[in-house]
Structure formats: C-alpha cells, structure tokens
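Colleague: Next comes the structure file data.txt, holding compact mmCIF, C-alpha atoms.
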# COMPACT_ATOMS: atom_id res chain seq x y z
CA MET T 1 49.98 7.64 -7.79
CA SER T 2 46.29 8.06 -7.23
CA GLN T 3 44.34 10.89 -8.73
CA HIS T 4 44.07 12.26 -5.21
CA ASP T 5 47.76 13.03 -5.03
CA HIS T 6 47.30 15.61 -7.75
CA GLY T 7 44.78 17.44 -5.64
CA ALA T 8 41.51 16.49 -7.32
CA PRO T 9 39.23 17.10 -4.35
CA PRO T 10 36.05 15.44 -3.28
CA SER T 11 33.39 17.90 -4.36
CA ASP T 12 33.11 19.66 -1.02
CA THR T 13 36.77 20.22 -0.17
CA ALA T 14 36.90 23.60 -1.90
CA LEU T 15 33.72 24.63 -0.09
CA ARG T 16 35.13 23.36 3.20
CA VAL T 17 38.25 25.51 2.83
CA LYS T 18 36.11 28.52 1.91
CA ALA T 19 33.96 27.96 5.00
CA LEU T 20 37.01 27.66 7.23
CA GLU T 21 38.58 30.83 5.83
CA SER T 22 35.31 32.70 6.27
CA LEU T 23 35.09 31.63 9.94
CA LEU T 24 38.73 32.44 10.71
CA VAL T 25 38.44 35.88 9.13
CA GLU T 26 35.20 36.55 11.01
CA LYS T 27 36.86 35.59 14.30
CA GLY T 28 39.78 37.90 13.58
CA LEU T 29 42.26 35.01 13.49
CA VAL T 30 43.50 35.56 9.93
CA ASP T 31 43.75 38.56 7.64
CA PRO T 32 42.82 37.79 4.00
CA ALA T 33 45.57 40.15 2.77
CA ALA T 34 48.15 38.20 4.78
CA LEU T 35 46.93 34.98 3.17
CA ASP T 36 47.33 36.52 -0.29
CA ALA T 37 50.86 37.65 0.63
CA LEU T 38 51.81 34.16 1.82
CA ILE T 39 50.54 32.61 -1.40
CA ASP T 40 52.39 35.19 -3.50
CA THR T 41 55.61 34.56 -1.59
CA TYR T 42 55.63 30.82 -2.13
CA GLU T 43 54.17 30.90 -5.63
CA ASN T 44 56.37 33.70 -7.02
CA LYS T 45 59.25 34.70 -4.76
CA VAL T 46 60.78 31.77 -2.87
CA GLY T 47 61.90 28.83 -4.99
CA PRO T 48 64.77 26.78 -6.40
CA ARG T 49 66.44 29.90 -7.86
CA ASN T 50 67.47 30.66 -4.27
CA GLY T 51 69.17 27.31 -3.90
CA ALA T 52 70.75 27.64 -7.34
CA ALA T 53 72.43 30.90 -6.27
CA VAL T 54 73.84 29.15 -3.19
CA VAL T 55 75.16 26.22 -5.23
CA ALA T 56 76.68 28.49 -7.88
CA ARG T 57 78.57 30.45 -5.23
CA ALA T 58 79.82 27.23 -3.62
CA TRP T 59 81.14 26.16 -7.03
CA ALA T 60 82.75 29.53 -7.75
CA ASP T 61 84.11 30.43 -4.31
CA PRO T 62 86.05 27.74 -2.38
CA ASP T 63 85.84 29.70 0.87
CA TYR T 64 82.07 29.91 0.57
CA LYS T 65 81.90 26.16 -0.06
CA VAL T 66 83.79 25.52 3.17
CA ARG T 67 81.33 27.75 5.04
CA LEU T 68 78.34 26.04 3.39
CA LEU T 69 79.49 22.54 4.27
CA GLY T 70 80.48 23.67 7.77
CA ASP T 71 77.35 25.61 8.74
CA ALA T 72 74.78 25.65 5.96
CA THR T 73 72.21 27.69 7.89
CA ALA T 74 74.67 30.57 8.34
CA ALA T 75 76.11 30.33 4.81
CA ILE T 76 72.63 30.37 3.25
CA ALA T 77 71.68 33.30 5.48
CA GLU T 78 74.45 35.31 3.76
CA PHE T 79 71.99 35.55 0.85
CA GLY T 80 69.18 36.59 3.17
CA PHE T 81 67.46 33.23 2.69
CA THR T 82 66.20 32.66 6.22
CA GLY T 83 63.02 31.66 7.97
CA ARG T 84 60.31 29.06 7.90
CA GLN T 85 61.34 25.47 7.18
CA GLY T 86 64.97 26.43 6.76
CA GLU T 87 65.98 27.09 10.34
CA HIS T 88 68.45 24.19 10.55
CA MET T 89 70.09 23.48 7.19
CA VAL T 90 72.67 20.84 6.32
CA ALA T 91 74.44 20.81 2.94
CA VAL T 92 75.73 17.48 1.59
CA GLU T 93 78.22 17.37 -1.27
CA ASN T 94 78.09 15.07 -4.27
CA THR T 95 81.46 13.85 -5.51
CA THR T 96 82.76 11.24 -7.93
CA ARG T 97 82.43 8.71 -5.09
CA VAL T 98 79.28 9.77 -3.20
CA HIS T 99 75.80 10.72 -4.39
CA ASN T 100 73.34 12.19 -1.89
CA VAL T 101 69.54 12.04 -2.12
CA VAL T 102 67.03 13.73 0.20
CA VAL T 103 63.62 12.45 1.27
CA CYS T 104 61.14 12.89 4.09
CA THR T 105 59.74 9.39 4.63
CA LEU T 106 57.28 10.54 7.29
CA CYS T 107 55.78 13.51 5.48
CA SER T 108 57.15 16.32 3.37
CA CYS T 109 59.95 18.13 5.23
CA TYR T 110 61.82 20.19 2.65
CA PRO T 111 64.09 23.26 2.73
CA TRP T 112 61.56 25.98 1.83
CA THR T 113 64.07 28.83 2.08
CA VAL T 114 66.19 27.50 -0.77
CA LEU T 115 63.81 25.29 -2.79
CA GLY T 116 60.33 26.69 -2.11
CA LEU T 117 57.46 24.24 -1.68
CA PRO T 118 58.03 20.58 -2.62
CA PRO T 119 56.65 18.97 -5.79
CA VAL T 120 53.82 16.45 -5.47
CA TRP T 121 56.09 13.45 -6.11
CA TYR T 122 58.26 14.40 -3.11
CA LYS T 123 55.19 14.35 -0.86
CA ALA T 124 53.62 11.23 -2.38
CA SER T 125 53.88 7.63 -1.15
CA PRO T 126 56.00 6.01 -3.91
CA TYR T 127 59.02 8.31 -3.46
CA ARG T 128 58.83 8.36 0.34
CA ALA T 129 58.48 4.59 0.58
CA ARG T 130 60.99 3.52 -2.03
CA VAL T 131 63.94 5.92 -2.18
CA VAL T 132 65.30 4.67 1.17
CA LYS T 133 65.11 1.05 -0.01
CA GLU T 134 65.99 1.18 -3.70
CA PRO T 135 67.49 4.61 -4.45
CA ARG T 136 69.04 3.54 -7.75
CA ALA T 137 65.72 2.26 -9.09
CA VAL T 138 64.03 5.49 -8.06
CA LEU T 139 66.79 7.61 -9.62
CA ALA T 140 66.40 5.65 -12.86
CA GLU T 141 62.77 6.81 -12.99
CA PHE T 142 64.16 10.36 -12.99
CA GLY T 143 66.52 9.40 -15.84
CA VAL T 144 69.59 9.32 -13.60
CA THR T 145 71.95 6.34 -13.67
CA LEU T 146 75.22 6.45 -11.73
CA PRO T 147 78.20 4.09 -11.81
CA GLU T 148 77.91 1.09 -9.49
CA ASP T 149 80.92 2.19 -7.45
CA VAL T 150 79.28 5.47 -6.43
CA GLU T 151 78.03 5.24 -2.85
CA MET T 152 74.40 6.28 -2.42
CA ARG T 153 73.56 8.25 0.73
CA VAL T 154 69.88 8.87 1.41
CA TRP T 155 69.08 11.56 3.99
CA ASP T 156 65.73 11.37 5.78
CA SER T 157 64.66 14.89 6.75
CA THR T 158 63.08 15.70 10.08
CA ALA T 159 60.78 18.44 11.26
CA GLU T 160 63.93 20.38 12.20
CA ILE T 161 66.81 19.41 9.90
CA ARG T 162 66.50 20.12 6.18
CA TYR T 163 69.07 19.07 3.59
CA LEU T 164 70.43 20.76 0.48
CA VAL T 165 72.41 18.64 -1.96
CA LEU T 166 75.44 20.38 -3.44
CA PRO T 167 75.52 18.78 -6.90
CA ARG T 168 78.76 18.15 -8.79
CA ARG T 169 79.91 21.06 -10.89
CA PRO T 170 79.55 19.90 -14.50
CA GLU T 171 82.50 19.58 -16.83
CA GLY T 172 82.81 22.45 -19.28
CA SER T 173 81.63 25.03 -16.75
CA GLU T 174 85.13 26.20 -15.75
CA ALA T 175 84.88 29.59 -17.48
CA LEU T 176 81.38 30.47 -16.28
CA GLY T 177 80.55 33.10 -13.66
CA GLU T 178 78.10 32.67 -10.81
CA ALA T 179 75.04 33.85 -12.72
CA GLU T 180 75.70 31.45 -15.60
CA LEU T 181 76.52 28.62 -13.20
CA ALA T 182 73.22 29.13 -11.41
CA GLU T 183 71.42 28.45 -14.69
CA LEU T 184 72.84 24.92 -14.62
CA VAL T 185 71.41 24.12 -11.19
CA THR T 186 68.02 22.40 -11.31
CA ARG T 187 65.65 21.83 -8.41
CA ASP T 188 66.09 18.06 -8.71
CA SER T 189 69.88 18.36 -8.65
CA MET T 190 69.54 19.93 -5.20
CA ILE T 191 67.28 17.08 -3.98
CA GLY T 192 69.59 14.49 -5.52
CA THR T 193 67.09 13.10 -8.02
CA GLY T 194 68.84 14.99 -10.82
CA LEU T 195 72.26 16.20 -11.91
CA ALA T 196 73.36 19.73 -12.77
CA LEU T 197 72.88 20.58 -16.44
CA ILE T 198 75.77 20.39 -18.88
CA PRO T 199 76.76 23.81 -20.28
CA ASP T 200 75.69 24.52 -23.88
CA ALA T 201 79.28 24.74 -25.12
CA MET T 202 80.08 21.28 -23.73
CA ARG T 203 76.84 19.81 -25.04
CA ALA T 204 77.54 21.12 -28.56
CA LYS T 205 81.05 19.62 -28.44
CA THR T 206 79.72 16.25 -27.30
CA GLU T 207 77.04 16.19 -29.97
CA ALA T 208 79.57 17.12 -32.69
CA ALA T 209 81.75 14.19 -31.66
CA GLU T 210 78.88 11.71 -31.97
CA MET O 1 54.14 7.58 16.68
CA ASN O 2 53.68 4.77 14.16
CA GLY O 3 50.98 4.86 11.51
CA ALA O 4 50.31 4.93 7.80
CA HIS O 5 52.58 7.94 7.36
CA ASP O 6 55.63 5.92 8.45
CA MET O 7 56.06 4.44 4.99
CA GLY O 8 59.84 4.39 4.49
CA GLY O 9 60.78 1.03 2.98
CA MET O 10 57.22 -0.10 2.18
CA ASP O 11 56.65 -1.94 -1.11
CA GLY O 12 53.71 -1.76 -3.45
CA PHE O 13 53.23 1.96 -4.07
CA GLY O 14 54.35 1.74 -7.70
CA PRO O 15 56.51 4.13 -9.69
CA VAL O 16 57.16 7.77 -8.84
CA ASP O 17 54.73 9.94 -10.77
CA ILE O 18 56.75 12.92 -12.02
CA GLU O 19 54.74 15.85 -13.37
CA LYS O 20 56.63 17.99 -15.87
CA ASN O 21 56.42 21.75 -15.36
CA GLU O 22 54.41 21.20 -12.22
CA PRO O 23 52.60 24.26 -10.84
CA ILE O 24 53.16 25.20 -7.19
CA PHE O 25 49.47 24.61 -6.45
CA HIS O 26 46.94 22.56 -8.42
CA ALA O 27 43.75 24.33 -7.31
CA GLU O 28 42.68 27.56 -5.61
CA TRP O 29 41.55 25.65 -2.50
CA GLU O 30 45.10 24.30 -2.13
CA ARG O 31 46.45 27.88 -2.07
CA ARG O 32 43.98 28.88 0.63
CA ALA O 33 44.47 25.69 2.71
CA PHE O 34 48.24 26.23 2.59
CA ALA O 35 48.01 29.90 3.58
CA LEU O 36 45.45 29.31 6.35
CA THR O 37 47.67 26.63 7.88
CA VAL O 38 50.83 28.77 7.77
CA ALA O 39 49.02 31.90 8.99
CA MET O 40 47.42 30.06 11.92
CA GLY O 41 50.77 28.48 12.77
CA ALA O 42 52.22 31.97 13.18
CA HIS O 43 50.01 32.59 16.24
CA GLY O 44 52.30 30.23 18.17
CA LEU O 45 49.42 28.26 19.72
CA TRP O 46 50.96 25.01 18.48
CA ASN O 47 54.28 23.90 17.07
CA ILE O 48 55.28 21.87 14.02
CA ASP O 49 55.28 18.59 15.98
CA MET O 50 51.71 19.17 17.17
CA SER O 51 50.67 19.94 13.58
CA ARG O 52 52.30 16.77 12.35
CA PHE O 53 50.70 14.70 15.12
CA MET O 54 47.24 15.99 14.23
CA ARG O 55 47.75 15.19 10.53
CA GLU O 56 49.04 11.70 11.26
CA ASN O 57 47.10 10.48 14.31
CA ARG O 58 44.06 9.27 12.41
CA ASP O 59 42.67 6.25 10.65
CA PRO O 60 45.25 4.93 8.18
CA LEU O 61 42.84 4.61 5.26
CA GLY O 62 41.80 8.24 5.57
CA TYR O 63 45.44 9.32 5.64
CA LEU O 64 46.33 7.29 2.56
CA GLU O 65 43.28 8.38 0.59
CA ASP O 66 43.59 12.10 1.26
CA SER O 67 45.63 14.33 -1.03
CA TYR O 68 48.43 16.33 0.54
CA TYR O 69 46.56 19.54 1.26
CA GLU O 70 43.50 17.60 2.38
CA ARG O 71 45.78 16.20 5.11
CA TRP O 72 46.78 19.74 6.01
CA LEU O 73 43.13 20.77 6.14
CA TYR O 74 42.24 17.79 8.33
CA GLY O 75 45.13 18.63 10.68
CA LEU O 76 44.27 22.33 10.86
CA GLU O 77 40.63 21.57 11.69
CA ALA O 78 41.74 19.21 14.46
CA LEU O 79 44.06 21.85 15.94
CA LEU O 80 41.37 24.52 15.78
CA GLU O 81 38.86 22.25 17.49
CA ARG O 82 41.31 21.23 20.21
CA ASN O 83 42.13 24.89 20.89
CA ASN O 84 38.43 25.84 21.03
CA LEU O 85 38.80 28.23 18.10
CA VAL O 86 36.54 26.64 15.46
CA THR O 87 34.44 23.48 15.75
CA ARG O 88 33.69 21.09 12.94
CA ASP O 89 29.98 21.81 13.52
CA GLU O 90 30.64 25.47 12.81
CA ILE O 91 32.44 24.54 9.59
CA ALA O 92 29.56 22.31 8.51
CA ALA O 93 27.05 25.08 9.22
CA ARG O 94 29.11 27.63 7.28
CA MET O 95 29.42 25.22 4.36
CA ARG O 96 25.65 24.88 4.24
CA SER O 97 25.10 28.63 4.29
CA LEU O 98 27.76 29.25 1.63
CA ALA O 99 26.24 26.53 -0.56
CA GLU O 100 22.87 28.27 -0.24
CA GLY O 101 24.46 31.52 -1.33
CA GLY O 102 24.11 33.33 2.00
CA GLY O 103 26.72 34.80 4.29
CA GLU O 104 24.91 33.92 7.51
CA ASP O 105 24.86 30.43 8.91
CA ALA O 106 21.65 28.49 8.39
CA ALA O 107 19.64 28.25 11.59
Rewrite the structure from the file as structure tokens, please.
Modeller:
Amino acid sequence: MSQHDHGAPPSDTALRVKALESLLVEKGLVDPAALDALIDTYENKVGPRNGAAVVARAWADPDYKVRLLGDATAAIAEFGFTGRQGEHMVAVENTTRVHNVVVCTLCSCYPWTVLGLPPVWYKASPYRARVVKEPRAVLAEFGVTLPEDVEMRVWDSTAEIRYLVLPRRPEGSEALGEAELAELVTRDSMIGTGLALIPDAMRAKTEAAE
Amino acid sequence: MNGAHDMGGMDGFGPVDIEKNEPIFHAEWERRAFALTVAMGAHGLWNIDMSRFMRENRDPLGYLEDSYYERWLYGLEALLERNNLVTRDEIAARMRSLAEGGGEDAA
C-alpha cells in the first residue's frame, strides 16, 4: 500500500478542506456543530460493538438467528441500529462447510450501522482487487487458514446491499451469556477476514494440553 | 461505468496492509472531509450513485494516487461545482486568504 492510503496528504489538502468548510459554513450549507456531532458519532458511538451484539444474540437465541438470516435489516433494527449505509442488510452464516467474506471491489461499501466506518485496508486496492480472485491467500495474510473442503463465498457489496458475516460460534462458549459472547466477536470476524475469538476457559485448556 | 476503481480481480497491488489498532481517522482533515461529505449529502441534492460517479469519473492515475478521503474531497468539490454551490475558484481563493492568515478572500 502506498503512503497515500494512510492519509498522508499533499501539503495543501488540509488547507483545502479548511477552505471548503469555511465556504460551506459561510453559505449556510453546513453547521459546524452538526459536523462535530457526525464525527463524534462515527468515532465514538457507532462501531463493531453494535455488530457484536447482533451476532451474540444470533448465537444465543435460535429464533433471533432465523429472523436475522431471513431479514437482516429488520432483525438489526430490533437493536435500534438503523440508518445510513445500513438500509438494506443481508446476513450470511459461516458454517463448517461455508466461509463468507465481504468486500466492495468498486469502492468501500460497508455496513456502517453495525460495523462503523471501514478500516483503510478494506478501502485500499490490494484487498479490493485480490479477495475476489484469491480469497484464501488474502485470508492467510490475516492469519486465517481454513480446511480445503470449506467453500469460500465472497460477497461484493453494492451501494445498496451491505453484508454482515455471522461467524461460527466458537467451541467452549456454550455456557456464556450474550454479553460475554459479544466479547468474542471481532470486527474482522464479521467481515470474514477473521474468526470469533476462543473463550479464555477453552484457550487455557488447549494450552495446558500442549 | 468502467475505470480505475473497477479493480476486482486485478493483479499487482501487493499484500494487504493491515494496521493494528487502527484509528477511525488518521488526520483532522479526514474527519472534516468525512463530515462535510455526509452533511452535504443530507440536503438530498444528490444521491449515493451520483456521489460515486463523481469520485470515479476522472483520470485513472489521479484516482489511484489519491488517498481515500482525498477521493471524497474531489467528489464533493465536483458535486458542489455542478450544483452551482461552490466553485473550485472560490476554494482556491479561500485557500490563499487562509494561508495569508486572513478571513476574507484575497482580491
């Protein structure tokens, strides 16, 4: 990835944005307080914890899982997670036989209501170009290797439809409640470039056996 | 529309660059460019497809060289110009006056 992908601007980009904001405020087209509120929302309030709550409920409540896989937009709205860039949601379930991965090859479409704003790698050329062609190689760069007999399904988002991956519930999580389950759900596990975390109790047992 | 953005399946971009503990934004100007774009979108003067078209209908080298929020900025400026709200000349003039430390545009 080039340095540019990390946002290092040519020297006048910051000034350009400042000039544009100043003009739009002067013309009455934007309110600086509304800009601050938008930034606060997406920097501090909306993020992958929303999606983790949805996944945890789908793991804990079979009826909810049926609703989520049947009409994800409505099931996610049960949490109050509605609005921009989440108007038409589809949930896809990972199983022992199928692993789902989400991309937006054309730009950066992403389910803001459940995951917040996308990370730079999701918006950058290497992921967009390669995950549709060599998903296993890309997953390996995230440290994820799946058995050869698992079918890979890559979903290319559109301006309208946004996908949420329902990761597999990890072994050893049977006794956990929703709040504890949500702690196991990472952002990447809901994009498909990661897996849900293994519970501490299971990890300790595995390490003791080694 | 085809173009440099239609990169699914292309080779040669190298490995995915994963940043650990990545912040939501990497600079203050990214915060403001994001918020300006979303706030202007809320006026309903254009839709998401028009925004995308403006970001993508441009010279391929410029698209590939720009960082993500620079593409947003480029697209927002194009939409504002097309809707007769702000011209790029006005932006250039305001940049000059801000650089000189004044609030008024240089004559």
Colleague: Sorted by chain and rising residue number, list the residues of chain T at most 8 Å from chain O (counting only C-alpha atoms), each with its closest atom pair and distance in Å to one decimal, as a tab-separated table.
Modeller:
residue	atom	partner	partner_atom	distance
T:Met1	CA	O:Asp17	CA	6.1
T:His4	CA	O:Ser67	CA	4.9
T:Asp5	CA	O:Ser67	CA	4.7
T:His6	CA	O:His26	CA	7.0
T:Gly7	CA	O:Ser67	CA	5.6
T:Ala8	CA	O:Ser67	CA	7.8
T:Pro9	CA	O:Ser67	CA	7.7
T:Thr13	CA	O:Trp29	CA	7.6
T:Ala14	CA	O:Trp29	CA	5.1
T:Leu15	CA	O:Met95	CA	6.2
T:Arg16	CA	O:Met95	CA	6.1
T:Val17	CA	O:Ala33	CA	6.2
T:Lys18	CA	O:Trp29	CA	7.6
T:Ala19	CA	O:Met95	CA	5.3
T:Leu20	CA	O:Ile91	CA	6.0
T:Glu21	CA	O:Leu36	CA	7.1
T:Leu23	CA	O:Ile91	CA	7.6
T:Leu24	CA	O:Val86	CA	7.8
T:Leu29	CA	O:Met40	CA	7.3
T:Val30	CA	O:Ala39	CA	6.7
T:Ala34	CA	O:Ala39	CA	7.6
T:Leu35	CA	O:Ala35	CA	5.2
T:Asp36	CA	O:Ala35	CA	7.7
T:Leu38	CA	O:Ala35	CA	6.0
T:Ile39	CA	O:Ala35	CA	6.2
T:Tyr42	CA	O:Ile24	CA	8.0
T:Glu43	CA	O:Ile24	CA	6.0
T:Thr105	CA	O:Gly8	CA	5.0
T:Leu106	CA	O:Asp6	CA	5.0
T:Cys107	CA	O:His5	CA	6.7
T:Leu117	CA	O:Ile24	CA	7.1
T:Pro119	CA	O:Glu22	CA	7.2
T:Val120	CA	O:Glu19	CA	8.0
T:Trp121	CA	O:Ile18	CA	6.0
T:Lys123	CA	O:Tyr68	CA	7.2
T:Ala124	CA	O:Tyr68	CA	7.8
T:Ser125	CA	O:Phe13	CA	6.4
T:Pro126	CA	O:Phe13	CA	4.9
T:Tyr127	CA	O:Val16	CA	5.7
T:Arg128	CA	O:Gly8	CA	5.8
T:Ala129	CA	O:Gly8	CA	4.1
T:Arg130	CA	O:Gly9	CA	5.6
T:Val131	CA	O:Gly9	CA	7.8
T:Val132	CA	O:Gly9	CA	6.1
T:Lys133	CA	O:Gly9	CA	5.3
T:Val138	CA	O:Val16	CA	7.3
T:Glu141	CA	O:Val16	CA	7.0
T:Phe142	CA	O:Ile18	CA	7.9
T:Ala159	CA	O:Ile48	CA	7.0
Colleague: Which residues, written as a PDB file with C-alpha atoms, in the coordinates of the input, have at least one atom at most 7 Å from range 51-67 of chain T, with all atoms listed in the file counted and residues fewer than 4 positions away on the same chain left out?
Modeller:
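Dumped everything to around15.pdb:
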ATOM      1  CA  ASP T  71      77.350  25.610   8.740  1.00  0.00           C
ATOM      2  CA  ALA T  72      74.780  25.650   5.960  1.00  0.00           C
ATOM      3  CA  ALA T  75      76.110  30.330   4.810  1.00  0.00           C
ATOM      4  CA  ILE T  76      72.630  30.370   3.250  1.00  0.00           C
ATOM      5  CA  VAL T 114      66.190  27.500  -0.770  1.00  0.00           C
ATOM      6  CA  LEU T 115      63.810  25.290  -2.790  1.00  0.00           C
ATOM      7  CA  LEU T 166      75.440  20.380  -3.440  1.00  0.00           C
ATOM      8  CA  ARG T 169      79.910  21.060 -10.890  1.00  0.00           C
ATOM      9  CA  GLU T 178      78.100  32.670 -10.810  1.00  0.00           C
ATOM     10  CA  LEU T 181      76.520  28.620 -13.200  1.00  0.00           C
ATOM     11  CA  ALA T 182      73.220  29.130 -11.410  1.00  0.00           C
ATOM     12  CA  VAL T 185      71.410  24.120 -11.190  1.00  0.00           C
TER      13      VAL T 185
END
Colleague: Which centre and which edge lengths, in Å to one decimal, describe the axis-aligned box that holds all listed atoms of range 48-57 of chain T after 5 Å is added on each side, as lines of an AutoDock Vina configuration file?
Modeller:
center_x = 71.7
center_y = 28.6
center_z = -5.5
size_x = 23.8
size_y = 14.7
size_z = 14.7
Colleague: Interatomic distance between CA of Lys27 in chain T and CA of Gly75 in chain O?
Modeller: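 Between these atoms lies a distance of 19.2 Å.
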Colleague: Record the distance separating CA of Tyr163 in chain T and CA of Asn57 in chain O, expressed in Å with one decimal.
Modeller: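 Atom-to-atom, CA of Tyr163 in chain T and CA of Asn57 in chain O are spaced 25.9 Å apart.
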Colleague: Compare T:Leu69, T:Leu197, T:Val98, T:Val154 by their minimum atom-to-atom distance to Ser173 in chain T, counting only C-alpha atoms, and give me the closest one.
Modeller: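 Closest residue, counting only C-alpha atoms: T:Leu197.
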Colleague: Pick from O:Asn84, O:Ala78, O:Glu100, O:Asp89: nearest to Phe53 in chain O, with all atoms listed in the file counted?
Modeller: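 Distance minimum relative to Phe53 in chain O lands on O:Ala78.
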Colleague: Take CA of Val46 in chain T and CA of Ile191 in chain T and report the distance between them in Å, one decimal.
Modeller: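 Going from CA of Val46 in chain T over to CA of Ile191 in chain T, I get 16.1 Å.
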Colleague: So which one's closest to Glu174 in chain T, T:Ile198, T:Leu146, T:Ala140, T:Met190? Using all atoms listed in the file, please.
Modeller: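 Using all atoms listed in the file, the shortest distance to Glu174 in chain T belongs to T:Ile198.
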Colleague: For Trp72 in chain O, which residue among O:Met1, O:Pro60, O:Met54, O:Gly101 is the nearest when counting all atoms listed in the file?
Modeller: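 Smallest distance to Trp72 in chain O is found for O:Met54.
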Colleague: Quick test: take range 45-72 of chain O, keep C-alpha atoms, and write it as an mmCIF file, in the first residue's frame.
Modeller:
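Final output, out.cif:
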data_model
loop_
_atom_site.group_PDB
_atom_site.id
_atom_site.type_symbol
_atom_site.label_atom_id
_atom_site.label_comp_id
_atom_site.auth_asym_id
_atom_site.auth_seq_id
_atom_site.Cartn_x
_atom_site.Cartn_y
_atom_site.Cartn_z
ATOM 1 C CA LEU O 45 -29.427 17.376 -3.780
ATOM 2 C CA TRP O 46 -27.674 14.225 -4.979
ATOM 3 C CA ASN O 47 -27.793 10.534 -4.188
ATOM 4 C CA ILE O 48 -25.125 7.941 -3.408
ATOM 5 C CA ASP O 49 -24.807 6.906 -7.068
ATOM 6 C CA MET O 50 -24.131 10.499 -8.144
ATOM 7 C CA SER O 51 -21.512 10.804 -5.382
ATOM 8 C CA ARG O 52 -19.848 7.612 -6.515
ATOM 9 C CA PHE O 53 -19.907 8.711 -10.164
ATOM 10 C CA MET O 54 -18.207 11.999 -9.304
ATOM 11 C CA ARG O 55 -15.479 10.226 -7.305
ATOM 12 C CA GLU O 56 -14.837 7.687 -10.043
ATOM 13 C CA ASN O 57 -15.357 9.543 -13.336
ATOM 14 C CA ARG O 58 -11.880 11.038 -13.514
ATOM 15 C CA ASP O 59 -8.405 10.326 -14.766
ATOM 16 C CA PRO O 60 -7.308 6.880 -13.560
ATOM 17 C CA LEU O 61 -3.910 7.996 -12.296
ATOM 18 C CA GLY O 62 -5.467 10.669 -10.107
ATOM 19 C CA TYR O 63 -7.904 8.130 -8.682
ATOM 20 C CA LEU O 64 -5.169 5.613 -7.889
ATOM 21 C CA GLU O 65 -2.829 8.189 -6.381
ATOM 22 C CA ASP O 66 -5.362 9.846 -4.100
ATOM 23 C CA SER O 67 -5.946 8.580 -0.576
ATOM 24 C CA TYR O 68 -9.478 7.575 0.342
ATOM 25 C CA TYR O 69 -10.684 10.849 1.803
ATOM 26 C CA GLU O 70 -8.925 12.809 -0.933
ATOM 27 C CA ARG O 71 -11.243 10.944 -3.328
ATOM 28 C CA TRP O 72 -14.197 12.008 -1.202
#
